[in-house]
Amino acid sequence: MVYQIDANTCVGCGACAGNCPVSAIKENGDKYEIDTKLCQGCGACEPTCPVSAISKQ
Ligand code: SF4
Ligand code: SF4
């Protein structure tokens, strides 16, 4: 179970990235992405997103 960021919704604020304990969230252009190989599925990032772009996959 991993989490993903919807690139169409993400506004690139970066709020999620600092809350990931394994640094799985990286900047990619003007958006952020979750590296699904690193994501542990903890869910810590999900409530930090102001536009609800993060969801469980
Ligand atoms: S679910 Fe947890 S491990 Fe995965 S990206 Fe979010 S904060 Fe990081
Ligand atoms: S908190 Fe949400 S809007 Fe901000 S960079 Fe992360 S996914 Fe994108």
# chains A, B, ... in the order shown; residues from 1 in each chain; ligands from 1

$ residues_near_ligand --ligand "ligand 1" --cutoff "7 Å" --atoms "only C-alpha atoms and all ligand atoms" --output "mmCIF file with N, CA and C atoms, in the first residue's frame"
data_model
loop_
_atom_site.group_PDB
_atom_site.id
_atom_site.type_symbol
_atom_site.label_atom_id
_atom_site.label_comp_id
_atom_site.auth_asym_id
_atom_site.auth_seq_id
_atom_site.Cartn_x
_atom_site.Cartn_y
_atom_site.Cartn_z
ATOM 1 N N VAL A 2 0.711 2.080 -0.994
ATOM 2 C CA VAL A 2 1.469 3.320 -1.044
ATOM 3 C C VAL A 2 0.514 4.493 -1.278
ATOM 4 N N TYR A 3 1.062 5.666 -1.121
ATOM 5 C CA TYR A 3 0.280 6.866 -1.372
ATOM 6 C C TYR A 3 0.797 7.525 -2.653
ATOM 7 N N ASN A 19 7.066 16.206 5.930
ATOM 8 C CA ASN A 19 6.415 15.320 6.883
ATOM 9 C C ASN A 19 6.620 13.854 6.575
ATOM 10 N N CYS A 20 7.356 13.543 5.539
ATOM 11 C CA CYS A 20 7.588 12.140 5.199
ATOM 12 C C CYS A 20 8.815 11.624 5.954
ATOM 13 N N PRO A 21 8.636 10.604 6.791
ATOM 14 C CA PRO A 21 9.755 10.109 7.595
ATOM 15 C C PRO A 21 10.847 9.421 6.785
ATOM 16 N N VAL A 22 10.537 9.043 5.552
ATOM 17 C CA VAL A 22 11.550 8.359 4.730
ATOM 18 C C VAL A 22 11.950 9.190 3.505
ATOM 19 N N SER A 23 11.583 10.465 3.522
ATOM 20 C CA SER A 23 11.946 11.384 2.430
ATOM 21 C C SER A 23 11.579 10.836 1.049
ATOM 22 N N ALA A 24 10.368 10.316 0.949
ATOM 23 C CA ALA A 24 9.908 9.730 -0.314
ATOM 24 C C ALA A 24 9.263 10.758 -1.236
ATOM 25 N N ILE A 25 9.054 11.992 -0.725
ATOM 26 C CA ILE A 25 8.357 13.002 -1.526
ATOM 27 C C ILE A 25 9.365 13.995 -2.081
ATOM 28 N N ILE A 34 5.558 11.309 -5.096
ATOM 29 C CA ILE A 34 5.943 10.299 -4.103
ATOM 30 C C ILE A 34 6.647 9.164 -4.835
ATOM 31 N N LEU A 38 9.997 4.036 -2.263
ATOM 32 C CA LEU A 38 10.417 4.433 -0.920
ATOM 33 C C LEU A 38 9.246 4.531 0.057
ATOM 34 N N CYS A 39 8.071 4.864 -0.458
ATOM 35 C CA CYS A 39 6.903 5.092 0.403
ATOM 36 C C CYS A 39 6.583 3.857 1.243
ATOM 37 N N GLN A 40 6.403 4.092 2.561
ATOM 38 C CA GLN A 40 6.083 3.009 3.489
ATOM 39 C C GLN A 40 4.589 2.934 3.782
ATOM 40 N N GLY A 41 3.821 3.842 3.180
ATOM 41 C CA GLY A 41 2.375 3.801 3.373
ATOM 42 C C GLY A 41 1.902 4.255 4.731
ATOM 43 N N CYS A 42 2.705 5.069 5.423
ATOM 44 C CA CYS A 42 2.352 5.467 6.787
ATOM 45 C C CYS A 42 1.176 6.440 6.837
ATOM 46 N N GLY A 43 0.975 7.190 5.749
ATOM 47 C CA GLY A 43 -0.145 8.118 5.688
ATOM 48 C C GLY A 43 0.108 9.473 6.310
ATOM 49 N N ALA A 44 1.311 9.724 6.815
ATOM 50 C CA ALA A 44 1.604 10.995 7.496
ATOM 51 C C ALA A 44 1.448 12.196 6.571
ATOM 52 N N CYS A 45 1.698 12.008 5.308
ATOM 53 C CA CYS A 45 1.640 13.119 4.356
ATOM 54 C C CYS A 45 0.207 13.532 4.015
ATOM 55 N N GLU A 46 -0.685 12.598 4.034
ATOM 56 C CA GLU A 46 -2.030 12.847 3.495
ATOM 57 C C GLU A 46 -2.731 14.063 4.114
#

$ residues_near_ligand --ligand "ligand 2" --cutoff "9 Å" --atoms "only C-alpha atoms and all ligand atoms" --output "ChimeraX atom specification"
/A:4-7,9-17,25-27,30-34,45-54

$ write_last_selection --atoms "C-alpha atoms" --output "short mmCIF file (atom, residue, chain, number, x, y, z; two decimals), in the first residue's frame"
data_model
loop_
_atom_site.label_atom_id
_atom_site.label_comp_id
_atom_site.auth_asym_id
_atom_site.auth_seq_id
_atom_site.Cartn_x
_atom_site.Cartn_y
_atom_site.Cartn_z
CA GLN A 4 0.30 8.93 -4.55
CA ILE A 5 0.00 12.60 -5.43
CA ASP A 6 -2.50 13.62 -8.10
CA ALA A 7 -0.40 15.88 -10.33
CA THR A 9 -4.47 18.71 -8.12
CA CYS A 10 -1.03 19.36 -6.56
CA VAL A 11 -0.15 23.06 -6.40
CA GLY A 12 3.51 22.42 -5.53
CA CYS A 13 3.43 24.01 -2.07
CA GLY A 14 5.82 21.43 -0.63
CA ALA A 15 3.97 21.09 2.68
CA CYS A 16 3.85 17.30 2.39
CA ALA A 17 7.54 16.74 1.73
CA ILE A 25 8.36 13.00 -1.53
CA LYS A 26 10.43 14.89 -4.08
CA GLU A 27 10.03 18.05 -6.10
CA ASP A 30 6.42 22.69 -10.25
CA LYS A 31 4.81 19.63 -8.58
CA TYR A 32 5.77 17.06 -5.98
CA GLU A 33 5.85 13.30 -6.43
CA ILE A 34 5.94 10.30 -4.10
CA CYS A 45 1.64 13.12 4.36
CA GLU A 46 -2.03 12.85 3.49
CA PRO A 47 -3.52 15.32 6.04
CA THR A 48 -0.78 17.89 5.38
CA CYS A 49 -1.98 18.63 1.85
CA PRO A 50 -4.19 21.75 1.67
CA VAL A 51 -5.80 20.62 -1.58
CA SER A 52 -6.26 16.92 -0.77
CA ALA A 53 -4.02 15.82 -3.63
CA ILE A 54 -2.63 12.82 -1.72
#

$ select_by_dssp --residues "chain A" --states "strand (DSSP E)" --output "list in words"
Tyr3, Gln4, Ile5, Ile25, Lys26, Glu27, Asn28, Lys31, Tyr32, Glu33, Ile34, Ile54, Ser55 and Lys56 of chain A

$ select_by_dssp --residues "chain A" --states "helix (DSSP H, G or I)" --output "list in words"
Ala17, Gly18, Asn19, Glu46, Pro47 and Thr48 of chain A

$ decode --residues "region 30-47 of chain A" --atoms "N, CA and C atoms" --output "PDB file, in the first residue's frame"
ATOM      1  N   ASP A  30       7.224  21.858 -11.143  1.00  0.00           N
ATOM      2  CA  ASP A  30       6.421  22.686 -10.247  1.00  0.00           C
ATOM      3  C   ASP A  30       5.435  21.855  -9.417  1.00  0.00           C
ATOM      4  N   LYS A  31       5.655  20.522  -9.380  1.00  0.00           N
ATOM      5  CA  LYS A  31       4.809  19.625  -8.580  1.00  0.00           C
ATOM      6  C   LYS A  31       5.689  18.803  -7.655  1.00  0.00           C
ATOM      7  N   TYR A  32       5.046  18.028  -6.813  1.00  0.00           N
ATOM      8  CA  TYR A  32       5.771  17.065  -5.982  1.00  0.00           C
ATOM      9  C   TYR A  32       5.284  15.665  -6.312  1.00  0.00           C
ATOM     10  N   GLU A  33       6.176  14.697  -6.127  1.00  0.00           N
ATOM     11  CA  GLU A  33       5.848  13.301  -6.427  1.00  0.00           C
ATOM     12  C   GLU A  33       6.275  12.411  -5.266  1.00  0.00           C
ATOM     13  N   ILE A  34       5.558  11.309  -5.096  1.00  0.00           N
ATOM     14  CA  ILE A  34       5.943  10.299  -4.103  1.00  0.00           C
ATOM     15  C   ILE A  34       6.647   9.164  -4.835  1.00  0.00           C
ATOM     16  N   ASP A  35       7.848   8.852  -4.352  1.00  0.00           N
ATOM     17  CA  ASP A  35       8.581   7.715  -4.903  1.00  0.00           C
ATOM     18  C   ASP A  35       7.961   6.450  -4.305  1.00  0.00           C
ATOM     19  N   THR A  36       7.251   5.717  -5.121  1.00  0.00           N
ATOM     20  CA  THR A  36       6.507   4.557  -4.614  1.00  0.00           C
ATOM     21  C   THR A  36       7.439   3.423  -4.175  1.00  0.00           C
ATOM     22  N   LYS A  37       8.692   3.486  -4.561  1.00  0.00           N
ATOM     23  CA  LYS A  37       9.646   2.473  -4.100  1.00  0.00           C
ATOM     24  C   LYS A  37      10.103   2.769  -2.668  1.00  0.00           C
ATOM     25  N   LEU A  38       9.997   4.036  -2.263  1.00  0.00           N
ATOM     26  CA  LEU A  38      10.417   4.433  -0.920  1.00  0.00           C
ATOM     27  C   LEU A  38       9.246   4.531   0.057  1.00  0.00           C
ATOM     28  N   CYS A  39       8.071   4.864  -0.458  1.00  0.00           N
ATOM     29  CA  CYS A  39       6.903   5.092   0.403  1.00  0.00           C
ATOM     30  C   CYS A  39       6.583   3.857   1.243  1.00  0.00           C
ATOM     31  N   GLN A  40       6.403   4.092   2.561  1.00  0.00           N
ATOM     32  CA  GLN A  40       6.083   3.009   3.489  1.00  0.00           C
ATOM     33  C   GLN A  40       4.589   2.934   3.782  1.00  0.00           C
ATOM     34  N   GLY A  41       3.821   3.842   3.180  1.00  0.00           N
ATOM     35  CA  GLY A  41       2.375   3.801   3.373  1.00  0.00           C
ATOM     36  C   GLY A  41       1.902   4.255   4.731  1.00  0.00           C
ATOM     37  N   CYS A  42       2.705   5.069   5.423  1.00  0.00           N
ATOM     38  CA  CYS A  42       2.352   5.467   6.787  1.00  0.00           C
ATOM     39  C   CYS A  42       1.176   6.440   6.837  1.00  0.00           C
ATOM     40  N   GLY A  43       0.975   7.190   5.749  1.00  0.00           N
ATOM     41  CA  GLY A  43      -0.145   8.118   5.688  1.00  0.00           C
ATOM     42  C   GLY A  43       0.108   9.473   6.310  1.00  0.00           C
ATOM     43  N   ALA A  44       1.311   9.724   6.815  1.00  0.00           N
ATOM     44  CA  ALA A  44       1.604  10.995   7.496  1.00  0.00           C
ATOM     45  C   ALA A  44       1.448  12.196   6.571  1.00  0.00           C
ATOM     46  N   CYS A  45       1.698  12.008   5.308  1.00  0.00           N
ATOM     47  CA  CYS A  45       1.640  13.119   4.356  1.00  0.00           C
ATOM     48  C   CYS A  45       0.207  13.532   4.015  1.00  0.00           C
ATOM     49  N   GLU A  46      -0.685  12.598   4.034  1.00  0.00           N
ATOM     50  CA  GLU A  46      -2.030  12.847   3.495  1.00  0.00           C
ATOM     51  C   GLU A  46      -2.731  14.063   4.114  1.00  0.00           C
ATOM     52  N   PRO A  47      -2.796  14.176   5.461  1.00  0.00           N
ATOM     53  CA  PRO A  47      -3.515  15.320   6.041  1.00  0.00           C
ATOM     54  C   PRO A  47      -2.780  16.652   5.915  1.00  0.00           C
TER      55      PRO A  47
END
